[in-house]
file final13.txt (compact mmCIF, C-alpha atoms)
# COMPACT_ATOMS: atom_id res chain seq x y z
CA MET A 6 70.44 -70.99 -17.99
CA GLU A 7 68.81 -68.78 -15.42
CA HIS A 8 70.28 -65.44 -14.51
CA ASP A 9 69.64 -63.91 -11.11
CA GLU A 10 68.60 -60.24 -10.96
CA PRO A 11 71.35 -58.14 -9.57
CA ALA A 12 70.68 -57.19 -5.99
CA ALA A 13 69.93 -53.53 -5.29
CA THR A 14 72.83 -51.71 -3.88
CA PRO A 15 72.60 -49.19 -1.01
CA ASP A 16 73.40 -46.43 -3.50
CA ASP A 17 70.28 -47.33 -5.59
CA SER A 18 68.00 -47.14 -2.47
CA ARG A 19 69.34 -43.75 -1.54
CA ALA A 20 68.72 -42.50 -5.11
CA ALA A 21 65.03 -43.66 -4.99
CA GLU A 22 64.27 -41.88 -1.71
CA PRO A 23 64.13 -38.28 -3.17
CA ASN A 24 61.78 -39.44 -5.92
CA GLN A 25 59.48 -41.03 -3.37
CA MET A 26 59.54 -37.88 -1.24
CA LEU A 27 58.68 -35.75 -4.27
CA LEU A 28 55.78 -38.07 -5.07
CA LEU A 29 54.54 -37.99 -1.47
CA ASN A 30 54.82 -34.23 -1.32
CA SER A 31 52.93 -33.91 -4.60
CA LEU A 32 50.18 -36.23 -3.31
CA ALA A 33 50.00 -34.25 -0.07
CA GLU A 34 49.64 -31.00 -1.99
CA GLU A 35 46.93 -32.48 -4.18
CA ASN A 36 45.13 -33.81 -1.11
CA GLU A 37 45.37 -30.40 0.56
CA ALA A 38 44.03 -28.66 -2.55
CA LEU A 39 41.20 -31.19 -2.75
CA ARG A 40 40.48 -30.70 0.95
CA ARG A 41 40.29 -26.93 0.41
CA GLN A 42 38.00 -27.40 -2.58
CA ILE A 43 35.73 -29.70 -0.58
CA GLY A 44 35.75 -27.18 2.26
CA GLU A 45 34.80 -24.38 -0.14
CA VAL A 46 31.99 -26.49 -1.63
CA VAL A 47 30.70 -27.39 1.83
CA ALA A 48 30.91 -23.75 2.95
CA THR A 49 29.14 -22.57 -0.22
CA ALA A 50 26.44 -25.20 0.23
CA ALA A 51 25.98 -24.17 3.86
CA ALA A 52 25.83 -20.49 2.89
CA ASN A 53 23.30 -21.22 0.14
CA GLU A 54 21.21 -23.28 2.52
CA LYS A 55 21.27 -20.39 5.00
CA ILE A 56 20.23 -17.95 2.26
CA TRP A 57 17.39 -20.22 1.19
CA ARG A 58 16.22 -20.47 4.80
CA HIS A 59 16.24 -16.68 4.96
CA PHE A 60 14.23 -16.42 1.77
CA ALA A 61 11.79 -19.09 2.98
CA GLU A 62 11.17 -17.11 6.18
CA ILE A 63 10.67 -13.89 4.23
CA GLU A 64 8.26 -15.66 1.89
CA ARG A 65 6.32 -16.89 4.91
CA ILE A 66 5.94 -13.29 6.06
CA LEU A 67 4.86 -12.12 2.61
CA PHE A 68 1.87 -14.41 2.33
CA ARG A 69 0.56 -14.60 5.88
CA THR A 70 -1.18 -11.22 6.05
CA ARG A 71 -3.34 -9.08 3.79
CA GLU A 72 -2.56 -5.87 5.69
CA LEU A 73 0.22 -4.31 3.67
CA ASP A 74 1.20 -1.73 6.29
CA VAL A 75 1.85 -4.54 8.80
CA LEU A 76 3.50 -6.72 6.18
CA ALA A 77 5.88 -3.98 5.03
CA GLU A 78 7.17 -3.28 8.53
CA GLU A 79 7.73 -6.98 9.28
CA LEU A 80 9.40 -7.46 5.90
CA LEU A 81 11.90 -4.64 6.38
CA ARG A 82 12.77 -5.78 9.90
CA GLU A 83 13.28 -9.35 8.69
CA ILE A 84 15.49 -8.31 5.76
CA LYS A 85 17.54 -6.09 8.08
CA LYS A 86 17.91 -8.92 10.58
CA ARG A 87 18.72 -11.75 8.16
CA PHE A 88 20.78 -10.08 5.42
CA GLN A 89 22.17 -7.26 7.59
CA PRO A 90 22.37 -4.43 5.05
CA ASP A 91 23.29 -1.07 6.53
CA GLN A 92 20.14 0.39 4.98
CA VAL A 93 16.89 -1.01 3.67
CA ILE A 94 14.35 1.35 2.09
CA LEU A 95 10.94 0.47 0.67
CA PHE A 96 10.06 3.02 -2.02
CA LEU A 97 6.33 3.13 -2.87
CA CYS A 98 4.85 4.93 -5.85
CA HIS A 99 1.50 3.17 -6.43
CA PRO A 100 -1.21 5.69 -5.39
CA ASP A 101 -3.72 3.04 -4.22
CA LEU A 102 -1.14 1.50 -1.90
CA LEU A 103 -0.26 4.86 -0.40
CA ASP A 104 -3.87 6.00 0.01
CA ARG A 105 -5.18 2.75 1.45
CA PHE A 106 -2.30 1.55 3.62
CA PHE A 107 0.02 4.49 4.29
CA PRO A 108 -2.16 7.62 4.44
CA ASP A 109 -0.16 9.10 7.32
CA ILE A 110 3.23 8.99 5.60
CA SER A 111 4.36 12.54 5.07
CA ASP A 112 6.27 13.87 2.09
CA GLY A 113 9.41 12.72 3.88
CA SER A 114 9.47 9.15 5.15
CA ALA A 115 8.29 6.77 7.86
CA PRO A 116 11.11 5.09 9.83
CA VAL A 117 10.33 1.45 10.63
CA SER A 118 13.39 0.70 12.73
CA GLU A 119 17.05 1.68 12.82
CA GLY A 120 18.28 1.65 9.25
CA ALA A 121 14.87 0.85 7.72
CA TRP A 122 12.41 3.29 6.09
CA ILE A 123 9.24 3.40 4.03
CA VAL A 124 9.43 6.27 1.54
CA PRO A 125 6.74 7.51 -0.89
CA PHE A 126 7.72 9.10 -4.16
CA PRO A 127 5.83 10.31 -7.24
CA ALA A 128 4.45 7.70 -9.62
CA GLU A 129 6.41 9.14 -12.53
CA THR A 130 9.65 8.72 -10.56
CA GLY A 131 8.80 5.10 -9.82
CA SER A 132 7.95 4.40 -13.42
CA ALA A 133 11.19 5.95 -14.62
CA LEU A 134 13.14 3.97 -12.04
CA CYS A 135 11.54 0.54 -12.28
CA ALA A 136 9.09 0.30 -15.16
CA GLU A 137 11.64 -0.60 -17.82
CA ALA A 138 13.63 -3.01 -15.66
CA SER A 139 12.53 -6.29 -14.16
CA ARG A 140 15.93 -7.37 -12.85
CA PRO A 141 17.63 -5.73 -9.88
CA PHE A 142 20.41 -3.32 -10.73
CA LEU A 143 23.50 -2.85 -8.59
CA LEU A 144 24.79 0.61 -7.79
CA SER A 145 28.24 1.94 -7.06
CA SER A 146 28.69 4.89 -4.74
CA GLU A 147 28.66 7.22 -7.76
CA LYS A 148 25.35 5.83 -9.00
CA ILE A 149 23.84 5.99 -5.52
CA THR A 150 24.58 9.71 -5.49
CA GLU A 151 22.22 10.12 -8.45
CA PHE A 152 19.36 8.71 -6.34
CA ARG A 153 20.31 10.64 -3.21
CA ALA A 154 17.37 13.05 -3.58
CA CYS A 155 14.94 10.13 -3.13
CA PHE A 156 16.46 9.04 0.18
CA PRO A 157 15.29 10.20 3.62
CA GLU A 158 17.45 12.89 5.18
CA ALA A 159 18.41 10.54 8.01
CA VAL A 160 19.99 8.02 5.63
CA SER A 161 23.78 8.13 5.78
CA PRO A 162 25.76 7.78 2.52
CA VAL A 163 26.55 4.20 1.47
CA ARG A 164 29.20 2.88 -0.91
CA SER A 165 27.29 0.15 -2.72
CA GLY A 166 23.68 -0.89 -3.11
CA VAL A 167 21.04 -2.68 -5.13
CA ILE A 168 17.56 -1.59 -6.22
CA ILE A 169 15.02 -4.39 -6.62
CA PRO A 170 12.07 -3.35 -8.83
CA LEU A 171 8.67 -4.26 -7.39
CA ARG A 172 6.50 -4.80 -10.43
CA ILE A 173 4.11 -7.47 -11.70
CA HIS A 174 1.56 -7.61 -14.53
CA GLU A 175 3.12 -4.36 -15.83
CA ILE A 176 2.05 -2.68 -12.56
CA VAL A 177 4.84 -0.78 -10.79
CA PHE A 178 4.50 -0.68 -7.01
CA GLY A 179 7.92 0.78 -6.25
CA GLY A 180 11.37 -0.55 -5.42
CA LEU A 181 13.36 -2.07 -2.56
CA PHE A 182 16.80 -0.59 -1.89
CA LEU A 183 19.55 -2.40 0.04
CA GLY A 184 22.63 -0.34 0.85
CA SER A 185 26.00 -1.07 2.45
CA MET A 186 29.01 0.87 3.63
CA ASP A 187 31.14 -1.91 2.09
CA ALA A 188 31.96 -1.02 -1.52
CA ASP A 189 32.28 -4.74 -2.39
CA ARG A 190 28.99 -5.84 -0.77
CA TYR A 191 26.93 -5.28 -3.93
CA ARG A 192 29.13 -5.57 -7.02
CA PRO A 193 27.99 -5.20 -10.65
CA ARG A 194 29.33 -8.67 -11.48
CA ASP A 195 27.27 -10.37 -8.76
CA GLY A 196 24.26 -12.49 -9.67
CA THR A 197 20.79 -11.15 -8.88
CA ASP A 198 18.50 -14.11 -9.58
CA LEU A 199 17.44 -14.59 -5.95
CA LEU A 200 16.89 -10.86 -5.49
CA GLU A 201 14.77 -10.79 -8.64
CA GLN A 202 12.61 -13.61 -7.28
CA LEU A 203 12.31 -11.71 -4.00
CA GLY A 204 11.12 -8.61 -5.85
CA ILE A 205 8.50 -10.60 -7.77
CA LYS A 206 7.17 -12.19 -4.59
CA ILE A 207 6.99 -8.83 -2.77
CA ALA A 208 5.13 -7.30 -5.73
CA LEU A 209 2.78 -10.30 -5.83
CA SER A 210 1.98 -9.93 -2.13
CA MET A 211 1.30 -6.20 -2.65
CA ASP A 212 -1.02 -7.03 -5.53
CA ASN A 213 -2.80 -9.58 -3.33
CA CYS A 214 -3.24 -7.03 -0.52
CA LEU A 215 -4.66 -4.49 -2.94
CA ALA A 216 -6.98 -7.07 -4.53
CA TYR A 217 -8.24 -8.07 -1.08
CA GLU A 218 -9.00 -4.44 -0.27
CA LYS A 219 -10.94 -4.08 -3.51
CA LEU A 220 -12.78 -7.33 -2.74
CA LYS A 221 -13.79 -5.92 0.63
CA ASP A 222 -15.22 -2.90 -1.16
CA LEU A 223 -17.65 -5.20 -2.94
CA GLY A 224 -19.09 -6.40 0.38
CA VAL A 225 -19.63 -3.09 2.12
CA HIS A 226 -22.69 -1.71 0.37
CA ASP A 227 -26.01 -0.81 1.93
CA PRO A 228 -28.53 -3.58 1.02
CA VAL A 229 -31.41 -1.11 0.53
CA THR A 230 -29.81 1.58 -1.63
CA GLY A 231 -26.72 -0.13 -3.02
CA LEU A 232 -24.60 2.80 -1.78
CA PHE A 233 -21.68 2.53 0.60
CA ASN A 234 -22.94 1.53 4.03
CA TYR A 235 -22.36 3.50 7.23
CA PHE A 236 -19.00 1.89 8.07
CA GLN A 237 -17.58 2.04 4.56
CA ILE A 238 -18.47 5.67 3.91
CA HIS A 239 -16.74 6.52 7.19
CA THR A 240 -13.69 4.54 6.05
CA VAL A 241 -13.69 6.41 2.74
CA LEU A 242 -14.02 9.75 4.50
CA GLU A 243 -11.14 8.91 6.83
CA ARG A 244 -8.95 7.91 3.90
CA GLU A 245 -9.81 11.01 1.86
CA PHE A 246 -9.34 13.27 4.87
CA ARG A 247 -5.81 11.97 5.48
CA LYS A 248 -5.00 12.12 1.78
CA SER A 249 -6.26 15.70 1.44
CA ARG A 250 -4.40 16.88 4.51
CA ARG A 251 -1.20 15.15 3.38
CA ASN A 252 -1.38 16.62 -0.12
CA LYS A 253 -2.75 19.97 1.09
CA GLU A 254 -5.80 19.61 -1.16
CA PRO A 255 -9.42 20.73 -0.48
CA LEU A 256 -12.12 18.35 0.74
CA SER A 257 -15.82 18.83 1.38
CA VAL A 258 -18.61 16.70 2.83
CA LEU A 259 -22.36 16.98 2.28
CA VAL A 260 -24.82 15.51 4.77
CA ILE A 261 -28.23 15.14 3.10
CA ASP A 262 -31.40 14.62 5.12
CA PHE A 263 -34.73 13.65 3.50
CA ASN A 264 -37.91 14.65 5.34
CA TYR A 265 -40.26 12.28 3.54
CA VAL A 266 -39.49 8.85 4.93
CA HIS A 267 -41.49 8.97 8.15
CA GLY A 268 -44.50 10.35 6.30
CA LEU A 269 -44.50 7.28 4.06
CA GLU A 270 -45.18 4.71 6.76
CA GLU A 271 -48.78 4.42 5.65
CA PHE A 272 -47.59 3.56 2.13
CA ASP A 273 -45.04 1.02 3.35
CA SER A 274 -42.70 2.12 0.59
CA GLY A 275 -39.93 3.95 2.45
CA LYS A 276 -37.26 1.62 1.02
CA ASP A 277 -38.44 2.29 -2.53
CA VAL A 278 -38.21 6.04 -1.97
CA LEU A 279 -34.72 5.67 -0.51
CA ARG A 280 -33.65 3.72 -3.59
CA HIS A 281 -35.21 6.40 -5.78
CA ALA A 282 -33.29 9.14 -3.94
CA ALA A 283 -30.06 7.11 -4.11
CA ASP A 284 -30.50 6.65 -7.85
CA LEU A 285 -31.07 10.38 -8.32
CA LEU A 286 -27.90 11.31 -6.46
CA SER A 287 -25.88 8.62 -8.22
CA GLU A 288 -26.92 10.02 -11.58
CA ILE A 289 -26.16 13.61 -10.58
CA LEU A 290 -22.81 13.11 -8.85
CA PRO A 291 -19.71 12.12 -10.87
CA GLU A 292 -18.77 8.58 -9.88
CA LYS A 293 -15.00 9.03 -10.14
CA GLU A 294 -14.94 12.36 -8.32
CA SER A 295 -17.24 11.70 -5.36
CA PHE A 296 -18.30 9.02 -2.88
CA LEU A 297 -21.92 8.50 -1.82
CA GLY A 298 -23.08 6.49 1.18
CA ARG A 299 -26.01 5.95 3.50
CA TYR A 300 -25.35 7.70 6.80
CA GLY A 301 -28.54 6.99 8.73
CA THR A 302 -32.15 5.93 8.26
CA ASP A 303 -32.88 8.77 5.86
CA GLU A 304 -29.51 10.52 5.64
CA PHE A 305 -26.82 10.25 3.00
CA ILE A 306 -23.22 11.45 2.97
CA VAL A 307 -21.40 12.76 -0.10
CA VAL A 308 -17.60 12.95 0.10
CA LEU A 309 -16.13 15.39 -2.43
CA PRO A 310 -12.31 15.14 -2.71
CA GLY A 311 -10.65 18.17 -4.26
CA VAL A 312 -13.75 20.34 -3.79
CA ALA A 313 -13.42 23.52 -1.73
CA GLU A 314 -16.25 24.93 0.41
CA GLU A 315 -17.31 27.59 -2.10
CA GLU A 316 -17.63 25.04 -4.89
CA ALA A 317 -19.51 22.62 -2.63
CA ARG A 318 -22.03 25.31 -1.70
CA GLU A 319 -22.62 26.02 -5.38
CA VAL A 320 -23.63 22.37 -5.83
CA VAL A 321 -26.18 22.38 -3.01
CA PRO A 322 -29.00 24.37 -4.73
CA TYR A 323 -28.68 22.22 -7.84
CA LEU A 324 -29.01 19.02 -5.78
CA THR A 325 -32.01 20.23 -3.77
CA GLN A 326 -33.86 21.48 -6.86
CA THR A 327 -33.19 18.31 -8.84
CA ILE A 328 -34.46 16.15 -5.97
CA ARG A 329 -37.54 18.32 -5.47
CA LYS A 330 -38.37 18.19 -9.17
CA SER A 331 -38.06 14.38 -9.29
CA PRO A 332 -40.94 12.96 -7.21
CA PHE A 333 -41.38 9.27 -6.53
CA ASN A 334 -44.46 7.81 -8.16
CA TYR A 335 -46.36 5.38 -5.95
CA ARG A 336 -49.80 4.00 -6.87
CA ASN A 337 -50.62 6.93 -9.11
CA THR A 338 -49.43 9.31 -6.40
CA ALA A 339 -46.49 11.67 -6.89
CA ILE A 340 -44.59 11.83 -3.61
CA LEU A 341 -42.50 14.98 -3.41
CA ILE A 342 -39.05 14.65 -1.89
CA GLN A 343 -37.43 17.51 -0.03
CA ALA A 344 -33.83 17.55 1.13
CA ALA A 345 -31.83 19.65 3.56
CA ILE A 346 -28.08 19.67 2.95
CA GLY A 347 -25.32 20.63 5.38
CA VAL A 348 -21.77 21.38 4.22
CA GLY A 349 -18.50 20.69 6.02
CA SER A 350 -15.10 21.54 4.51
CA LEU A 351 -11.44 21.04 5.36
CA LYS A 352 -10.01 24.17 6.97
CA GLU A 353 -6.88 25.25 8.79
CA GLY A 354 -8.07 24.09 12.21
CA THR A 355 -9.72 20.83 11.07
CA GLU A 356 -8.15 17.99 13.04
CA SER A 357 -10.25 14.98 12.10
CA LYS A 358 -12.95 13.76 9.76
CA GLN A 359 -15.43 14.12 12.61
CA ASP A 360 -14.86 17.87 12.52
CA LEU A 361 -16.15 17.86 8.94
CA LEU A 362 -19.23 15.84 9.90
CA ASP A 363 -19.90 18.02 12.95
CA ALA A 364 -19.81 21.18 10.83
CA ALA A 365 -22.17 19.69 8.24
CA ASN A 366 -24.55 18.39 10.91
CA ARG A 367 -24.65 21.76 12.69
CA GLU A 368 -25.66 23.44 9.46
CA LEU A 369 -28.17 20.69 8.76
CA ARG A 370 -29.83 21.15 12.17
CA ARG A 371 -29.99 24.88 11.57
CA LEU A 372 -31.68 24.41 8.19
CA LYS A 373 -34.18 21.91 9.59
CA SER A 374 -34.95 24.28 12.47
CA ILE A 375 -35.67 27.12 10.02
CA HIS A 376 -37.88 24.80 7.99
CA SER A 377 -39.82 23.71 11.09
CA GLU A 378 -40.40 27.32 12.17
CA SER A 379 -41.67 28.26 8.73
CA GLU A 380 -44.20 25.43 8.82
CA SER A 381 -45.44 26.14 12.41
CA PRO A 382 -48.72 28.17 12.68
CA ALA A 383 -48.37 31.84 13.53
CA GLU A 384 -49.29 32.83 17.07
CA SER A 385 -52.66 34.58 17.49
CA PRO A 386 -52.56 38.17 18.76
CA ASP A 387 -53.83 38.75 22.28
call {"tool": "encode", "arguments": {"input": "final13.txt", "output": "structure tokens"}}
result
Amino acid sequence: MEHDEPAATPDDSRAAEPNQMLLLNSLAEENEALRRQIGEVVATAAANEKIWRHFAEIERILFRTRELDVLAEELLREIKKRFQPDQVILFLCHPDLLDRFFPDISDGSAPVSEGAWIVPFPAETGSALCAEASRPFLLSSEKITEFRACFPEAVSPVRSGVIIPLRIHEIVFGGLFLGSMDADRYRPRDGTDLLEQLGIKIALSMDNCLAYEKLKDLGVHDPVTGLFNYFQIHTVLEREFRKSRRNKEPLSVLVIDFNYVHGLEEFDSGKDVLRHAADLLSEILPEKESFLGRYGTDEFIVVLPGVAEEEAREVVPYLTQTIRKSPFNYRNTAILIQAAIGVGSLKEGTESKQDLLDAANRELRRLKSIHSESESPAESPD
């Protein structure tokens, strides 16, 4: 016998309505939470994509030029523009980088743009700061105070920051500092993987720039003597002049003129004599403490960093005597070599490297004039 289900009463329907509303409200809350989570994921993905685009643009800058001074300025401007720190400072401690690319930076700093600086500091400071760490380290306002002495005077105090070591192959080039007035901008708990990769790529580009400069050095030698050619010895002199003036250190230049070359035309061995003279000077002069180059047809330049005028003049007699006592042997003939040497030294009023060369050349002309007068026949009495 079949039994019919009892029909739902109006009271039962009214009792089910609150349960349905609770279920709908719960589903709505879950949907809203899921919508927020999706929104956060989408926003995070968009932010990460934007960051990656920024890093891709910075990487493009890093590897498109071999001129580090140009690269550094573009890099700091781009970091300031894209990541908007209140301060960005490139600290450099590698001496070759400073001497080759930033010889005019004073003991203070070189502003690149508003809120961006290039700052040199001693190599030992850079090593202490970055040599033991490869990962960036985040700084609170208290920690930043400890590094305050390294900052340019124009830099205003910041409340948080990060220092990115610039080192590769155990070579420390310096560090990149990003600072913010927001105390929560750079927090110790934040990840630094991307910043670490940025530091490695900046250091790699610096290493490439330096390697390219050294490669250029290999292609700038005089084909006859093997010494620096005219253009390179001038480049070296310019670099050493700026370095000496910046560090307030002495610098001297010798201009050496040989009076034998034109007399050897009949032997057709002028190049051999030049090589002989170049070899003599290369053996006499310390390689790591001087630079030797061919200045003209039969003139050489010696650049002596750290050597004052008095010390340079003490070297001159030794050079002239050694050259005179070392003749060039050609077809059983001993060809004597004589040299006149002019000295130019960095002084209070020296404004350019050309001033050094002018002083040495004036003295050289005077010496050659005295030599010519001593060789001219005496006038007969009336």
call {"tool": "residues_around", "arguments": {"input": "final13.txt", "residues": "A:Phe333", "least_positions_apart": "3", "cutoff": "8 Å", "atoms": "only C-alpha atoms", "output": "number ranges by chain"}}
result
A: 278, 281, 339-342
call {"tool": "closest_residue", "arguments": {"input": "final13.txt", "among": "A:Phe152, A:Phe182, A:Tyr235, A:Phe142", "to": "A:Ile94", "atoms": "all atoms listed in the file"}}
result
A:Phe182
call {"tool": "atom_distance", "arguments": {"input": "final13.txt", "atom1": "atom CA of A:Tyr191", "atom2": "atom CA of A:Leu143"}}
result
6.3 Å
call {"tool": "atom_distance", "arguments": {"input": "final13.txt", "atom1": "atom CA of A:Val260", "atom2": "atom CA of A:Asp227"}}
result
16.6 Å
call {"tool": "residues_around", "arguments": {"input": "final13.txt", "residues": "A:Cys214", "least_positions_apart": "6", "cutoff": "8 Å", "atoms": "all atoms listed in the file", "output": "list in words"}}
result
Arg71, Glu72 and Leu73 of chain A
call {"tool": "residues_near_point", "arguments": {"input": "final13.txt", "point": "(-29.0, 11.6, 5.5)", "cutoff": "9 Å", "atoms": "all atoms listed in the file", "output": "count of residues only"}}
result
16
call {"tool": "residues_around", "arguments": {"input": "final13.txt", "residues": "A:Ser287", "least_positions_apart": "6", "cutoff": "12 Å", "atoms": "all atoms listed in the file", "output": "count of residues only"}}
result
17
call {"tool": "atom_distance", "arguments": {"input": "final13.txt", "atom1": "atom CA of A:Thr197", "atom2": "atom CA of A:Arg153"}}
result
22.5 Å
call {"tool": "residues_around", "arguments": {"input": "final13.txt", "residues": "A:Leu76", "least_positions_apart": "4", "cutoff": "12 Å", "atoms": "all atoms listed in the file", "output": "ChimeraX atom specification"}}
result
/A:63-72,80-83,95,106-107,117,123,207,210-211,213-214
call {"tool": "decode", "arguments": {"input": "final13.txt", "residues": "stretch 288-306 of chain A", "atoms": "N, CA, C and O atoms", "output": "short mmCIF file (atom, residue, chain, number, x, y, z; two decimals), in the first residue's frame"}}
result
data_model
loop_
_atom_site.label_atom_id
_atom_site.label_comp_id
_atom_site.auth_asym_id
_atom_site.auth_seq_id
_atom_site.Cartn_x
_atom_site.Cartn_y
_atom_site.Cartn_z
N GLU A 288 114.83 49.19 -20.29
CA GLU A 288 115.60 48.45 -19.29
C GLU A 288 115.94 49.33 -18.09
O GLU A 288 115.99 48.86 -16.95
N ILE A 289 116.18 50.61 -18.35
CA ILE A 289 116.58 51.52 -17.27
C ILE A 289 115.39 51.91 -16.39
O ILE A 289 115.48 51.91 -15.16
N LEU A 290 114.27 52.25 -17.04
CA LEU A 290 113.13 52.80 -16.31
C LEU A 290 112.28 51.69 -15.71
O LEU A 290 112.03 50.68 -16.36
N PRO A 291 111.81 51.86 -14.47
CA PRO A 291 110.95 50.84 -13.85
C PRO A 291 109.59 50.79 -14.54
O PRO A 291 108.92 51.82 -14.69
N GLU A 292 109.19 49.61 -14.97
CA GLU A 292 107.98 49.46 -15.78
C GLU A 292 106.73 49.88 -15.03
O GLU A 292 105.85 50.51 -15.59
N LYS A 293 106.64 49.54 -13.74
CA LYS A 293 105.42 49.81 -12.98
C LYS A 293 105.39 51.22 -12.41
O LYS A 293 104.40 51.62 -11.82
N GLU A 294 106.46 51.97 -12.57
CA GLU A 294 106.51 53.31 -11.97
C GLU A 294 106.70 54.40 -13.01
O GLU A 294 106.90 55.57 -12.66
N SER A 295 106.67 54.05 -14.29
CA SER A 295 106.86 55.04 -15.34
C SER A 295 106.18 54.57 -16.61
O SER A 295 105.84 53.39 -16.76
N PHE A 296 105.96 55.52 -17.54
CA PHE A 296 105.36 55.22 -18.84
C PHE A 296 106.24 55.84 -19.92
O PHE A 296 106.62 57.01 -19.82
N LEU A 297 106.55 55.05 -20.95
CA LEU A 297 107.46 55.47 -21.99
C LEU A 297 106.76 55.39 -23.34
O LEU A 297 106.14 54.38 -23.67
N GLY A 298 106.86 56.46 -24.12
CA GLY A 298 106.21 56.47 -25.43
C GLY A 298 107.00 57.26 -26.45
O GLY A 298 107.86 58.07 -26.10
N ARG A 299 106.69 57.00 -27.72
CA ARG A 299 107.34 57.73 -28.81
C ARG A 299 106.53 59.00 -29.07
O ARG A 299 105.36 58.95 -29.37
N TYR A 300 107.23 60.12 -29.02
CA TYR A 300 106.59 61.44 -29.08
C TYR A 300 106.67 62.03 -30.48
O TYR A 300 105.78 62.75 -30.92
N GLY A 301 107.76 61.75 -31.17
CA GLY A 301 107.97 62.27 -32.52
C GLY A 301 108.88 61.34 -33.28
O GLY A 301 109.09 60.19 -32.90
N THR A 302 109.46 61.84 -34.39
CA THR A 302 110.33 60.99 -35.19
C THR A 302 111.48 60.43 -34.37
O THR A 302 111.76 59.23 -34.40
N ASP A 303 112.14 61.29 -33.62
CA ASP A 303 113.26 60.84 -32.80
C ASP A 303 113.16 61.39 -31.39
O ASP A 303 114.15 61.72 -30.75
N GLU A 304 111.94 61.50 -30.89
CA GLU A 304 111.70 62.00 -29.54
C GLU A 304 110.85 61.00 -28.76
O GLU A 304 109.89 60.43 -29.30
N PHE A 305 111.20 60.82 -27.52
CA PHE A 305 110.44 59.96 -26.61
C PHE A 305 109.93 60.81 -25.45
O PHE A 305 110.50 61.85 -25.12
N ILE A 306 108.87 60.32 -24.83
CA ILE A 306 108.33 60.94 -23.61
C ILE A 306 108.38 59.89 -22.49
O ILE A 306 108.04 58.73 -22.69
#
